[in-house]
$ cat structure_21.cif   # mmCIF, C-alpha atoms and all ligand atoms
data_input
#
loop_
_atom_site.label_atom_id
_atom_site.label_comp_id
_atom_site.auth_asym_id
_atom_site.auth_seq_id
_atom_site.Cartn_x
_atom_site.Cartn_y
_atom_site.Cartn_z
CA MET A 11 0.00 0.00 0.00
CA ARG A 12 1.33 3.43 -0.84
CA TYR A 13 1.62 6.18 1.74
CA LEU A 14 -1.06 8.83 1.96
CA THR A 15 0.64 12.12 2.67
CA PHE A 16 -0.87 14.98 4.68
CA ALA A 17 0.36 18.58 4.54
CA LEU A 18 -0.66 20.38 7.72
CA THR A 19 -0.51 24.10 8.43
CA LYS A 20 2.20 24.71 11.03
CA GLY A 21 0.87 26.03 14.33
CA ARG A 22 -2.58 26.01 15.85
CA LEU A 23 -4.30 24.45 12.84
CA ALA A 24 -1.89 21.48 12.88
CA ASN A 25 -2.56 20.82 16.56
CA LYS A 26 -6.31 20.94 16.09
CA THR A 27 -5.99 18.65 13.08
CA LEU A 28 -4.01 16.14 15.13
CA ASP A 29 -6.71 16.26 17.85
CA LEU A 30 -9.34 15.50 15.24
CA LEU A 31 -7.35 12.68 13.64
CA GLU A 32 -6.71 11.16 17.07
CA GLU A 33 -10.45 10.97 17.61
CA ILE A 34 -10.74 8.67 14.61
CA GLY A 35 -7.75 6.58 15.69
CA ILE A 36 -5.04 8.21 13.59
CA THR A 37 -2.12 9.16 15.80
CA CYS A 38 1.22 10.79 15.21
CA GLU A 39 2.69 11.37 18.67
CA GLU A 40 6.10 12.37 17.34
CA MET A 41 4.55 15.38 15.70
CA ARG A 42 3.42 16.88 19.00
CA ASP A 43 6.97 17.46 20.17
CA LYS A 44 7.39 21.24 20.02
CA ASP A 45 11.18 21.18 20.37
CA SER A 46 11.67 18.83 17.46
CA ARG A 47 13.03 20.27 14.21
CA LYS A 48 11.89 17.25 12.29
CA LEU A 49 9.78 18.07 9.26
CA ILE A 50 8.16 14.82 8.27
CA PHE A 51 6.53 12.08 10.35
CA VAL A 52 5.43 8.57 9.46
CA ASN A 53 2.75 6.28 10.83
CA GLU A 54 4.04 2.96 9.49
CA GLU A 55 1.05 0.99 10.69
CA LEU A 56 -1.50 3.06 8.79
CA LYS A 57 0.85 3.94 5.93
CA LEU A 58 0.46 7.66 6.49
CA LYS A 59 2.94 10.51 6.30
CA PHE A 60 2.53 13.96 7.76
CA PHE A 61 4.48 17.13 7.24
CA LEU A 62 4.19 20.69 8.44
CA ALA A 63 4.30 23.62 6.06
CA LYS A 64 3.59 27.34 6.08
CA GLY A 65 -0.10 27.94 5.34
CA PRO A 66 0.26 29.48 1.88
CA ASP A 67 2.47 26.55 0.81
CA VAL A 68 -0.06 23.85 1.75
CA PRO A 69 -2.25 24.32 -1.39
CA THR A 70 0.93 24.26 -3.50
CA TYR A 71 2.04 20.89 -2.10
CA VAL A 72 -1.45 19.51 -2.64
CA GLU A 73 -1.88 20.83 -6.18
CA TYR A 74 1.42 19.26 -7.27
CA GLY A 75 0.63 15.98 -5.52
CA ALA A 76 3.55 16.18 -3.06
CA ALA A 77 0.77 15.82 -0.50
CA ASP A 78 -2.46 13.95 -1.18
CA ILE A 79 -4.36 15.81 1.51
CA GLY A 80 -3.97 19.22 3.11
CA VAL A 81 -5.50 21.03 6.03
CA VAL A 82 -5.49 24.79 5.60
CA GLY A 83 -7.57 27.89 6.24
CA LYS A 84 -10.24 28.94 3.74
CA ASP A 85 -8.49 32.33 3.56
CA THR A 86 -5.35 30.68 2.20
CA ILE A 87 -7.32 28.48 -0.22
CA MET A 88 -9.04 31.56 -1.66
CA GLU A 89 -5.86 33.61 -1.79
CA GLU A 90 -3.74 30.93 -3.47
CA GLY A 91 -6.37 29.85 -6.03
CA ARG A 92 -4.75 26.44 -6.59
CA LYS A 93 -6.33 23.56 -8.48
CA LEU A 94 -7.54 21.16 -5.78
CA TYR A 95 -10.71 19.75 -4.28
CA GLU A 96 -12.01 21.33 -1.09
CA VAL A 97 -13.79 18.37 0.48
CA MET A 98 -14.66 19.30 4.02
CA ASP A 99 -15.17 22.11 6.49
CA LEU A 100 -13.41 20.94 9.66
CA GLY A 101 -15.18 23.54 11.79
CA PHE A 102 -12.23 24.76 13.81
CA GLY A 103 -10.27 27.94 13.21
CA ALA A 104 -13.52 29.79 12.67
CA CYS A 105 -13.11 33.51 12.00
CA ARG A 106 -14.13 36.12 9.43
CA MET A 107 -12.44 37.99 6.60
CA CYS A 108 -13.43 41.63 7.04
CA VAL A 109 -12.87 45.13 5.78
CA CYS A 110 -11.79 47.07 8.87
CA GLY A 111 -10.74 50.59 9.68
CA PRO A 112 -11.50 53.53 11.91
CA GLU A 113 -15.17 54.56 12.08
CA SER A 114 -14.21 57.64 10.04
CA ALA A 115 -13.35 55.42 7.07
CA ARG A 116 -16.95 54.23 6.73
CA GLU A 117 -17.85 57.29 4.69
CA VAL A 118 -15.04 57.05 2.14
CA LEU A 119 -15.75 53.35 1.85
CA ASN A 120 -19.41 53.95 1.07
CA ASN A 121 -18.82 56.87 -1.26
CA ASN A 122 -16.93 54.74 -3.74
CA GLN A 123 -13.81 56.88 -3.44
CA LEU A 124 -10.42 55.65 -4.59
CA ILE A 125 -9.15 54.41 -1.25
CA ARG A 126 -6.09 52.41 -0.27
CA VAL A 127 -6.58 48.92 1.14
CA ALA A 128 -3.73 47.21 3.01
CA THR A 129 -3.83 43.43 3.28
CA LYS A 130 -1.96 40.16 3.46
CA TYR A 131 -4.58 38.83 1.01
CA PRO A 132 -4.39 40.92 -2.21
CA ASN A 133 -6.33 38.40 -4.31
CA ILE A 134 -9.20 38.19 -1.83
CA ALA A 135 -9.26 41.99 -1.52
CA LYS A 136 -9.22 42.40 -5.32
CA ASP A 137 -12.02 39.92 -5.81
CA TYR A 138 -14.13 41.57 -3.13
CA PHE A 139 -13.69 45.18 -4.24
CA TYR A 140 -13.53 44.66 -8.02
CA ASN A 141 -15.90 41.75 -8.64
CA LYS A 142 -18.39 41.99 -5.77
CA LYS A 143 -18.50 45.70 -4.97
CA HIS A 144 -17.40 47.05 -8.37
CA GLN A 145 -15.24 49.58 -6.58
CA THR A 146 -11.79 50.62 -7.77
CA VAL A 147 -9.28 50.66 -4.93
CA GLU A 148 -5.51 50.61 -4.56
CA ILE A 149 -4.35 47.42 -2.90
CA ILE A 150 -1.18 47.43 -0.83
CA LYS A 151 0.27 44.05 0.11
CA LEU A 152 1.64 43.70 3.66
CA ASN A 153 2.95 40.65 5.50
CA GLY A 154 1.56 41.00 9.01
CA SER A 155 0.36 43.38 11.73
CA ILE A 156 -2.00 44.75 9.09
CA GLU A 157 -3.87 46.80 11.71
CA LEU A 158 -0.94 49.21 11.72
CA ALA A 159 -1.69 50.46 8.20
CA PRO A 160 -4.74 52.68 8.91
CA ILE A 161 -3.23 53.82 12.23
CA VAL A 162 -0.07 55.20 10.64
CA GLY A 163 -1.84 56.45 7.50
CA LEU A 164 -0.65 53.89 4.96
CA SER A 165 -4.22 53.05 3.99
CA GLU A 166 -7.81 54.01 4.78
CA VAL A 167 -8.91 50.44 5.46
CA ILE A 168 -7.57 46.89 5.70
CA VAL A 169 -8.84 43.48 4.61
CA ASP A 170 -7.88 41.08 7.36
CA ILE A 171 -8.91 38.18 9.55
CA VAL A 172 -11.00 38.95 12.64
CA GLU A 173 -11.30 36.23 15.24
CA THR A 174 -12.10 37.62 18.69
CA GLY A 175 -11.95 41.25 17.54
CA SER A 176 -9.53 42.19 20.30
CA THR A 177 -6.73 43.31 17.96
CA LEU A 178 -9.19 45.73 16.35
CA ARG A 179 -10.58 46.95 19.67
CA GLU A 180 -7.18 47.54 21.19
CA ASN A 181 -6.22 49.63 18.19
CA GLY A 182 -9.37 51.70 17.80
CA LEU A 183 -10.53 49.97 14.64
CA LYS A 184 -13.86 48.41 13.67
CA VAL A 185 -15.30 45.86 11.31
CA LEU A 186 -16.82 47.94 8.52
CA GLU A 187 -17.86 45.15 6.13
CA GLU A 188 -17.76 41.38 6.19
CA VAL A 189 -16.14 39.66 3.21
CA CYS A 190 -16.78 36.01 4.17
CA PRO A 191 -16.66 33.48 7.00
CA LEU A 192 -13.54 31.32 7.33
CA SER A 193 -12.48 28.05 8.94
CA ALA A 194 -10.09 25.17 8.43
CA ARG A 195 -10.78 23.01 5.38
CA MET A 196 -9.57 19.69 4.14
CA VAL A 197 -8.28 19.80 0.56
CA VAL A 198 -7.37 16.91 -1.70
CA ASN A 199 -5.16 16.57 -4.77
CA GLN A 200 -7.32 16.00 -7.85
CA ILE A 201 -5.50 12.86 -8.99
CA SER A 202 -5.25 11.41 -5.46
CA MET A 203 -9.01 11.77 -5.16
CA LYS A 204 -9.35 9.30 -8.06
CA MET A 205 -6.40 7.01 -7.29
CA GLU A 206 -6.99 6.77 -3.54
CA ASP A 207 -10.74 7.19 -3.75
CA GLU A 208 -11.59 4.49 -1.18
CA ARG A 209 -9.10 5.50 1.50
CA ILE A 210 -9.84 9.19 1.17
CA ARG A 211 -13.62 8.73 1.16
CA GLY A 212 -13.30 6.47 4.20
CA LEU A 213 -11.32 9.13 6.00
CA ILE A 214 -13.82 11.85 5.11
CA SER A 215 -16.81 9.83 6.27
CA ARG A 216 -15.16 8.99 9.61
CA LEU A 217 -14.35 12.66 10.10
CA ARG A 218 -17.91 13.68 9.16
CA GLU A 219 -19.21 11.57 12.05
CA ILE A 220 -17.29 13.61 14.60
CA VAL A 221 -17.17 17.12 13.11
C1 LIG B 1 -4.39 37.63 12.84
C2 LIG B 1 -5.10 38.71 12.06
C3 LIG B 1 -5.39 39.74 13.10
C4 LIG B 1 -5.63 38.91 14.33
C5 LIG B 1 -7.11 38.79 14.58
O1 LIG B 1 -3.05 37.97 12.91
O2 LIG B 1 -4.29 39.19 11.02
O3 LIG B 1 -4.32 40.61 13.28
O4 LIG B 1 -5.04 37.63 14.12
O5 LIG B 1 -7.40 38.12 15.77
P1 LIG B 1 -8.36 38.74 16.90
O6 LIG B 1 -9.59 39.22 16.21
O7 LIG B 1 -8.64 37.56 17.80
O8 LIG B 1 -7.61 39.82 17.59
P2 LIG B 1 -1.92 36.98 13.39
O9 LIG B 1 -1.85 36.97 14.87
O10 LIG B 1 -2.14 35.65 12.75
O11 LIG B 1 -0.58 37.60 12.85
P3 LIG B 1 -0.20 38.68 11.76
O12 LIG B 1 -0.51 40.01 12.33
O13 LIG B 1 1.25 38.47 11.57
O14 LIG B 1 -1.00 38.39 10.51
#

$ encode --input "structure_21.cif" --output "structure tokens"
Amino acid sequence: MRYLTFALTKGRLANKTLDLLEEIGITCEEMRDKDSRKLIFVNEELKLKFFLAKGPDVPTYVEYGAADIGVVGKDTIMEEGRKLYEVMDLGFGACRMCVCGPESAREVLNNNQLIRVATKYPNIAKDYFYNKKHQTVEIIKLNGSIELAPIVGLSEVIVDIVETGSTLRENGLKVLEEVCPLSARMVVNQISMKMEDERIRGLISRLREIV
């Protein structure tokens, strides 16, 4: 039997994924060790392999078939636009993609003015403003701490993830519009879905029972 390979998103999502897999009897204890620098883990008994990758790289590994299955946030799936099957909402990692800014930005946002939008997700921001709202904006790509942008005057608003809302609150910003809800998803390589149909469907149906 060939190995089924999982690409997991390093960090909280990977831990939650391991919790979920444990519930259906799939364990990978070695992977829990935080001090380990090891990148790939094997469950010989079940013929499974697991590796950790940066979120935006997970859809890449899955599209190319280096991983059969991936677990990654919907935000990353939308941003990367890779060819893969999204087969399941795993429920955890729930949050929202929002347009945020100071209350004073609400007016410029509504008046269809040419505003600047800072974001880690330029493709999601483009799709939202151009295709859904038919509003021309200037998109500025940043790599983190996006909330800084409207505070220091880089942009009027941001497109970013809101989970508890505390980052916004502590920085005097608000949710002005909601783009879409987000959560962790299971994705599958298109060829693996055909070649490993039985094993992958079995896995999905066992997960469906507990999610
Ligand atoms: C994310 C997101 C927000 C924050 C939202 O950032 O970009 O900044 O979490 O969470 P909250 O609503 O619970 O405050 P993350 O911590 O992943 O790091 P980043 O700033 O480097 O993107």

$ closest_atom_pairs --input "structure_21.cif" --of "chain A" --to "ligand LIG 1 (chain B)" --cutoff "6 Å" --atoms "only C-alpha atoms and all ligand atoms" --output "tab-separated table"
residue	atom	partner	partner_atom	distance
A:Gly154	CA	B:LIG1	O13	3.6
A:Ser155	CA	B:LIG1	O12	3.5
A:Ile156	CA	B:LIG1	O12	5.9
A:Asp170	CA	B:LIG1	O2	5.5
A:Ile171	CA	B:LIG1	C2	4.6
A:Val172	CA	B:LIG1	O6	3.8
A:Glu173	CA	B:LIG1	O6	3.6
A:Thr174	CA	B:LIG1	O7	3.6
A:Gly175	CA	B:LIG1	O6	3.4
A:Ser176	CA	B:LIG1	O8	4.1
A:Thr177	CA	B:LIG1	O8	3.6

$ residues_around --input "structure_21.cif" --residues "Lys84 in chain A" --least-positions-apart "4" --cutoff "10 Å" --atoms "only C-alpha atoms" --output "ChimeraX atom specification"
/A:88-90,96,99,103-107,190-197

$ write_last_selection --input "structure_21.cif" --atoms "C-alpha atoms" --output "PDB file, in the coordinates of the input"
ATOM      1  CA  MET A  88      -9.040  31.560  -1.660  1.00  0.00           C
ATOM      2  CA  GLU A  89      -5.860  33.610  -1.790  1.00  0.00           C
ATOM      3  CA  GLU A  90      -3.740  30.930  -3.470  1.00  0.00           C
ATOM      4  CA  GLU A  96     -12.010  21.330  -1.090  1.00  0.00           C
ATOM      5  CA  ASP A  99     -15.170  22.110   6.490  1.00  0.00           C
ATOM      6  CA  GLY A 103     -10.270  27.940  13.210  1.00  0.00           C
ATOM      7  CA  ALA A 104     -13.520  29.790  12.670  1.00  0.00           C
ATOM      8  CA  CYS A 105     -13.110  33.510  12.000  1.00  0.00           C
ATOM      9  CA  ARG A 106     -14.130  36.120   9.430  1.00  0.00           C
ATOM     10  CA  MET A 107     -12.440  37.990   6.600  1.00  0.00           C
ATOM     11  CA  CYS A 190     -16.780  36.010   4.170  1.00  0.00           C
ATOM     12  CA  PRO A 191     -16.660  33.480   7.000  1.00  0.00           C
ATOM     13  CA  LEU A 192     -13.540  31.320   7.330  1.00  0.00           C
ATOM     14  CA  SER A 193     -12.480  28.050   8.940  1.00  0.00           C
ATOM     15  CA  ALA A 194     -10.090  25.170   8.430  1.00  0.00           C
ATOM     16  CA  ARG A 195     -10.780  23.010   5.380  1.00  0.00           C
ATOM     17  CA  MET A 196      -9.570  19.690   4.140  1.00  0.00           C
ATOM     18  CA  VAL A 197      -8.280  19.800   0.560  1.00  0.00           C
TER      19      VAL A 197
END

$ closest_residue --input "structure_21.cif" --among "A:Asp45, A:Asn199, A:Leu100, A:Glu40" --to "Val68 in chain A" --atoms "all atoms listed in the file"
A:Asn199

$ closest_residue --input "structure_21.cif" --among "A:Gln200, A:Thr146, A:Ser114, A:Asn153" --to "Val72 in chain A" --atoms "all atoms listed in the file"
A:Gln200

$ atom_distance --input "structure_21.cif" --atom1 "CA of Leu18 in chain A" --atom2 "CA of Lys151 in chain A"
24.9 Å

$ residues_near_point --input "structure_21.cif" --point "(-6.6, 19.2, 5.1)" --cutoff "12 Å" --atoms "all atoms listed in the file" --output "PDB file with C-alpha atoms, in the frame of the given file"
ATOM      1  CA  THR A  15       0.640  12.120   2.670  1.00  0.00           C
ATOM      2  CA  PHE A  16      -0.870  14.980   4.680  1.00  0.00           C
ATOM      3  CA  ALA A  17       0.360  18.580   4.540  1.00  0.00           C
ATOM      4  CA  LEU A  18      -0.660  20.380   7.720  1.00  0.00           C
ATOM      5  CA  THR A  19      -0.510  24.100   8.430  1.00  0.00           C
ATOM      6  CA  LYS A  20       2.200  24.710  11.030  1.00  0.00           C
ATOM      7  CA  LEU A  23      -4.300  24.450  12.840  1.00  0.00           C
ATOM      8  CA  ALA A  24      -1.890  21.480  12.880  1.00  0.00           C
ATOM      9  CA  LYS A  26      -6.310  20.940  16.090  1.00  0.00           C
ATOM     10  CA  THR A  27      -5.990  18.650  13.080  1.00  0.00           C
ATOM     11  CA  LEU A  28      -4.010  16.140  15.130  1.00  0.00           C
ATOM     12  CA  LEU A  30      -9.340  15.500  15.240  1.00  0.00           C
ATOM     13  CA  LEU A  31      -7.350  12.680  13.640  1.00  0.00           C
ATOM     14  CA  PHE A  60       2.530  13.960   7.760  1.00  0.00           C
ATOM     15  CA  PHE A  61       4.480  17.130   7.240  1.00  0.00           C
ATOM     16  CA  LEU A  62       4.190  20.690   8.440  1.00  0.00           C
ATOM     17  CA  ALA A  63       4.300  23.620   6.060  1.00  0.00           C
ATOM     18  CA  GLY A  65      -0.100  27.940   5.340  1.00  0.00           C
ATOM     19  CA  VAL A  68      -0.060  23.850   1.750  1.00  0.00           C
ATOM     20  CA  PRO A  69      -2.250  24.320  -1.390  1.00  0.00           C
ATOM     21  CA  TYR A  71       2.040  20.890  -2.100  1.00  0.00           C
ATOM     22  CA  VAL A  72      -1.450  19.510  -2.640  1.00  0.00           C
ATOM     23  CA  ALA A  77       0.770  15.820  -0.500  1.00  0.00           C
ATOM     24  CA  ASP A  78      -2.460  13.950  -1.180  1.00  0.00           C
ATOM     25  CA  ILE A  79      -4.360  15.810   1.510  1.00  0.00           C
ATOM     26  CA  GLY A  80      -3.970  19.220   3.110  1.00  0.00           C
ATOM     27  CA  VAL A  81      -5.500  21.030   6.030  1.00  0.00           C
ATOM     28  CA  VAL A  82      -5.490  24.790   5.600  1.00  0.00           C
ATOM     29  CA  GLY A  83      -7.570  27.890   6.240  1.00  0.00           C
ATOM     30  CA  LYS A  84     -10.240  28.940   3.740  1.00  0.00           C
ATOM     31  CA  THR A  86      -5.350  30.680   2.200  1.00  0.00           C
ATOM     32  CA  ILE A  87      -7.320  28.480  -0.220  1.00  0.00           C
ATOM     33  CA  LEU A  94      -7.540  21.160  -5.780  1.00  0.00           C
ATOM     34  CA  TYR A  95     -10.710  19.750  -4.280  1.00  0.00           C
ATOM     35  CA  GLU A  96     -12.010  21.330  -1.090  1.00  0.00           C
ATOM     36  CA  VAL A  97     -13.790  18.370   0.480  1.00  0.00           C
ATOM     37  CA  MET A  98     -14.660  19.300   4.020  1.00  0.00           C
ATOM     38  CA  ASP A  99     -15.170  22.110   6.490  1.00  0.00           C
ATOM     39  CA  LEU A 100     -13.410  20.940   9.660  1.00  0.00           C
ATOM     40  CA  GLY A 101     -15.180  23.540  11.790  1.00  0.00           C
ATOM     41  CA  PHE A 102     -12.230  24.760  13.810  1.00  0.00           C
ATOM     42  CA  SER A 193     -12.480  28.050   8.940  1.00  0.00           C
ATOM     43  CA  ALA A 194     -10.090  25.170   8.430  1.00  0.00           C
ATOM     44  CA  ARG A 195     -10.780  23.010   5.380  1.00  0.00           C
ATOM     45  CA  MET A 196      -9.570  19.690   4.140  1.00  0.00           C
ATOM     46  CA  VAL A 197      -8.280  19.800   0.560  1.00  0.00           C
ATOM     47  CA  VAL A 198      -7.370  16.910  -1.700  1.00  0.00           C
ATOM     48  CA  ASN A 199      -5.160  16.570  -4.770  1.00  0.00           C
ATOM     49  CA  ILE A 210      -9.840   9.190   1.170  1.00  0.00           C
ATOM     50  CA  LEU A 213     -11.320   9.130   6.000  1.00  0.00           C
ATOM     51  CA  ILE A 214     -13.820  11.850   5.110  1.00  0.00           C
ATOM     52  CA  LEU A 217     -14.350  12.660  10.100  1.00  0.00           C
TER      53      LEU A 217
END

$ atom_distance --input "structure_21.cif" --atom1 "CA of Val169 in chain A" --atom2 "CA of Ile149 in chain A"
9.6 Å

$ closest_residue --input "structure_21.cif" --among "A:Met203, A:Ile34, A:Leu56, A:Leu14" --to "Arg218 in chain A" --atoms "only C-alpha atoms"
A:Ile34

$ atom_distance --input "structure_21.cif" --atom1 "CA of Glu148 in chain A" --atom2 "CA of Arg179 in chain A"
25.0 Å

$ closest_residue --input "structure_21.cif" --among "A:Leu58, A:Arg211, A:Glu113, A:Asn25" --to "Asp43 in chain A" --atoms "only C-alpha atoms"
A:Asn25

$ axis_aligned_box --input "structure_21.cif" --around "range 171-185 of chain A" --padding-each-side "8 Å" --output "JSON"
{"center_x": -10.8, "center_y": 44.0, "center_z": 15.4, "size_x": 25.1, "size_y": 31.5, "size_z": 27.6}

$ closest_residue --input "structure_21.cif" --among "A:Ile134, A:Val189, A:Ile161, A:Val221" --to "Gly111 in chain A" --atoms "only C-alpha atoms"
A:Ile161

$ residues_around --input "structure_21.cif" --residues "Glu187 in chain A" --least-positions-apart "3" --cutoff "7 Å" --atoms "only C-alpha atoms" --output "PDB file with C-alpha atoms, in the coordinates of the input"
ATOM      1  CA  CYS A 108     -13.430  41.630   7.040  1.00  0.00           C
ATOM      2  CA  VAL A 109     -12.870  45.130   5.780  1.00  0.00           C
ATOM      3  CA  CYS A 110     -11.790  47.070   8.870  1.00  0.00           C
TER       4      CYS A 110
END

$ closest_residue --input "structure_21.cif" --among "A:Glu157, A:Asp207, A:Glu55, A:Glu166" --to "Ala115 in chain A" --atoms "all atoms listed in the file"
A:Glu166
